[in-house]
Every structure is written in structure tokens, then in C-alpha cells.
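In what follows, a single structure is set out as C-alpha cells and then discussed.
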Amino acid sequence: MARIVMQPSGKSVDCAYGDTVLMALEKAGYALPNNCRAGACGECKVKVTAGQFDQGMVLDMALSQDERKQGYGLMCMAKPISEEISIEWGTEDAKPKLFPPREDALFVVVDKRQVAARVVELRLRPVGQPIRYWPGQYVTLGNARDNVPPRAYSISNAPRPDGELVLQVARQDGGLTSAWVHDKLVVGDNVKVSGAYGTFIGDPSVDTPVLCLAAGTGLAPILALAEAALRRGYKRPVGMVFSARTKEDVYSQGMMAWWRTKHRNFDYKITLTREVVEGYQSGRIDAVLPALYPDLSKYSIFAAGSPEFVETCVATVKKLGAQPELIHTEGFFSQQVQQSGEDDPFKLPF
């Protein structure tokens, strides 16, 4: 049994014989970025400051000889061979380091489809290096050439080897950017994306049941967080409640149903606030949540949507026993600019 120490926090985890550093961190609840898990993509590259490890077989394109000399390693393949190794990862409280955002990265629209009455989903593939991000973060998208202002949209998928980003864009009345996305942007267009931004990622070291609450396109970052947790084998219960006005506003239900079938620890509910439909919950989040989750004292909460929705979620989960330090929120608000007449959603960090 070896010990892995994370600096600068000084927190440590045990690494069983034969396990990689990545496996040990994941078993302890730390979500180190990774994609290929085979020493080929470089996502899990960190600097080892003390101790010895067997790097295993990795590609030079993922870990150069110069990087090896500097002490860097790919944790998906690295196995400790000393009693203790130290790695540079996380902040002083062991939360993950944010990646430096990139400006105007070139992407191509590879797919666009209507997924709900007022929501289109974009799939963007990078032309160059992918944008590195944590699930729950967002990017900005706009078009300076056509005087379309950049607006923030949450990434709705966990990181993938090909760097593809999935964005879900709701049409906003009078919104210049959302109108451009809905009415003018087509498959094959080049777009420039900046990011990733935001801190709606929580603390990956927390080992608790998880409840995700979303309304409208607040579902996007929730989907990314849930996908990442389930993909890396999170064992605690993961629940989701999605609030929509009508059945026509519901989307991604197929993906949630697939997760529920594949992962026994995942479940979801959909509540409609403006109509009653068989098979769905009915009512606002504060009305339906107490019956679904009467005791949230041991849960980590993630809530995303309009400020009103997020405020209602926070007040409701606190009444049900949720601890303030385990409540993570992401809000969207409309900023109106008289000169351009735009009214598009921005991120509001709580």
C-alpha cells in the first residue's frame, strides 16, 4: 500500500498495490481529468514532486521527454513504487485547479438539432487543441463579424477525447445571440469559442449522495456533472429533478432514462409547472421535493437555472436539512442593453 499526497493541500489517499494513481484518486472521490485512460491523451498529466513511480507505456505525444525530465507523469498509467509520492494537484483545500481559459478557439458546428420547443443543441468540434474544462463550467459563443455579442453557455457533456463540446441554447425574446444560433448558424459553420469559465464544479473529494436540480437550460451543466460522475464509477446515489413548464420543454429524457437503466445508483424525476401529464410530477420544485427527498442532511446539492429557481432550491433544500457548505449553485440572468435591444442569459455565480 502506497500513499499519494496532494500538494498544496497536504491531503493524502491510499493506493493499493497494482492500482494507478488515477484509480486511487478516483476511489477516494477526486476527479482528476482524464479521457483515454491509456497514456495517449495527456489529460491526466501532473507533476510528481517527490517519490518514485513506474510510468508504464505512454505515447511521446502525450508526455514528452522534456516533460518527463521535469517530473511530469500521466497518472492513468503511473503506479507508485515508493511508499509515498507527492503530486502537484488541487488547491489548498484539495479542490481541482481550474484550467487557464482560451480565447477565440476555432470550432466547427458538426450538428445542430431542435431538442425542445425553444432549445437547440449544438455539437462543436475543435479544429486545433481542445478546450480543457471541468464538468459544470461554461464557454462564451458569439460572432463579432455580424455584431453578435458573446454569451455564456454551459457545456452539457463531460470532457471527451475528441474535444467535442455540446451546448444547449434557449431562444430568448429579443436576444441577438440566441436568435443567431437558432436562425442563422448551420452545420459546417466555423465559430469561435472562449473559455472554459466558472466554478460550478463542487468539491470532488466529497463522498456523499448527490441531488441535482435543474430548470430550463440549467440542465446543461447538471448533465455534464452527472455524466462525469457516473462515467468514473461514482458509487453513491445520484438523483436528478428537472423542472420544465410543459412536456414540450422537456429534453434529454432519453439520456437520463439510459443512465437510470445502466447505473443502478442513478434516478431522475421530471416535474411540470404549467400542466398535468401522466407519468410526470406536477408542481414547482418547493412543492414536489419534500415528498421525493424528505431528508437531505447528508446530500451534496447542485442547482442550476434562473435566479428565482436557484433561490427556491436553496431555501427548500435547507429546510430539508441540506448543509450550506454542500450546496452548489449556478444561476442565469437576463442583462438588457437598450442600444442593441439584446436580452440574452448571462451566468450569475452565487
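Letters A, B, ... mark the chains of the C-alpha cells in the order given; residue numbers begin at 1 per chain; ligand numbers begin at 1, in order shown.
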- Please provide the set of residues having any atom within 8 Å of Gly42 (chain A), restricted to only C-alpha atoms, with same-chain residues fewer than 3 positions apart removed, written as number ranges by chain. A: 34, 39, 45, 62-63, 74
- Task: Quick one: everything within 6 Å of Asp93 (chain A), counting only C-alpha atoms, minus sequence neighbours fewer than 2 positions away in the same chain. Send it as a PyMOL selection string.
- Result: chain A and resi 9+91+95
- Message: So that I can see what lies close to Arg160 (chain A), please list as JSON, numbers by chain the residues with an atom at most 12 Å from it, counting only C-alpha atoms and leaving out residues fewer than 6 positions away in the same chain.
- Response: {"A": [33, 34, 35, 36, 37, 41, 43, 124, 125, 126, 130, 131, 132, 133, 134, 135, 166, 224, 227, 228, 231]}
Based on the selection just made, write C-alpha atoms of those residues as a PDB file, in the first residue's frame.
```pdb
ATOM      1  CA  PRO A  33      -9.220  14.960 -15.536  1.00  0.00           C
ATOM      2  CA  ASN A  34      -8.840  12.003 -17.878  1.00  0.00           C
ATOM      3  CA  ASN A  35     -10.129  10.751 -21.182  1.00  0.00           C
ATOM      4  CA  CYS A  36      -8.300   7.813 -22.728  1.00  0.00           C
ATOM      5  CA  ARG A  37      -7.017   6.079 -19.563  1.00  0.00           C
ATOM      6  CA  CYS A  41      -4.344  11.909 -24.487  1.00  0.00           C
ATOM      7  CA  GLU A  43      -5.395  14.907 -19.828  1.00  0.00           C
ATOM      8  CA  LEU A 124     -18.933  21.803 -31.751  1.00  0.00           C
ATOM      9  CA  ARG A 125     -15.702  20.048 -32.756  1.00  0.00           C
ATOM     10  CA  PRO A 126     -12.342  21.818 -32.212  1.00  0.00           C
ATOM     11  CA  PRO A 130      -9.427  21.047 -27.382  1.00  0.00           C
ATOM     12  CA  ILE A 131     -10.523  23.411 -24.625  1.00  0.00           C
ATOM     13  CA  ARG A 132      -9.767  21.841 -21.246  1.00  0.00           C
ATOM     14  CA  TYR A 133     -12.547  22.170 -18.712  1.00  0.00           C
ATOM     15  CA  TRP A 134     -14.251  20.709 -15.673  1.00  0.00           C
ATOM     16  CA  PRO A 135     -17.828  19.423 -15.885  1.00  0.00           C
ATOM     17  CA  VAL A 166     -22.272  20.175 -26.591  1.00  0.00           C
ATOM     18  CA  ALA A 224     -22.158  17.293 -17.582  1.00  0.00           C
ATOM     19  CA  GLU A 227     -22.220  12.162 -16.833  1.00  0.00           C
ATOM     20  CA  ALA A 228     -18.758  12.692 -15.380  1.00  0.00           C
ATOM     21  CA  ARG A 231     -18.658   7.588 -16.070  1.00  0.00           C
TER      22      ARG A 231
END
```
- Task: Would you kindly return, as a PyMOL selection string, each protein, DNA or RNA residue with an atom no farther than 8 Å from any atom of Gly321 (chain A), considering only C-alpha atoms and excluding same-chain residues fewer than 2 positions away?
- Result: chain A and resi 295-297+317-319+323
- Message: Among region 121-350 of chain A, which residues does DSSP mark as strand (DSSP E or B) when it is run on the backbone? Keep the chain and numbering as in the structure and answer as number ranges by chain.
- Response: A: 121-126, 138-143, 148-155, 165-170, 190-197, 210-215, 238-244, 266-272, 281-282, 300-305, 327-337, 342-349
With only C-alpha atoms counted and 6 Å as the cut-off, give the residues of region 107-159 of chain A in contact with region 241-257 of chain A, each with its shortest interatomic distance in Å and the pair that gives it, as a tab-separated table.
```
residue	atom	partner	partner_atom	distance
A:Val115	CA	A:Tyr251	CA	5.8
A:Ala116	CA	A:Asp249	CA	5.1
A:Ala117	CA	A:Asp249	CA	5.6
```
- Message: Between A:Val206, A:Cys313, A:Ala50, A:Leu98, which residue has the minimum interatomic distance to Glu26 (chain A), considering only C-alpha atoms?
- Response: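 Smallest separation from Glu26 (chain A) among the options: A:Val206.
Here the question is which of A:Ala226, A:Ile81, A:Val119, A:Met6 gets nearest to Ala94 (chain A) using only C-alpha atoms, and that residue is A:Met6.
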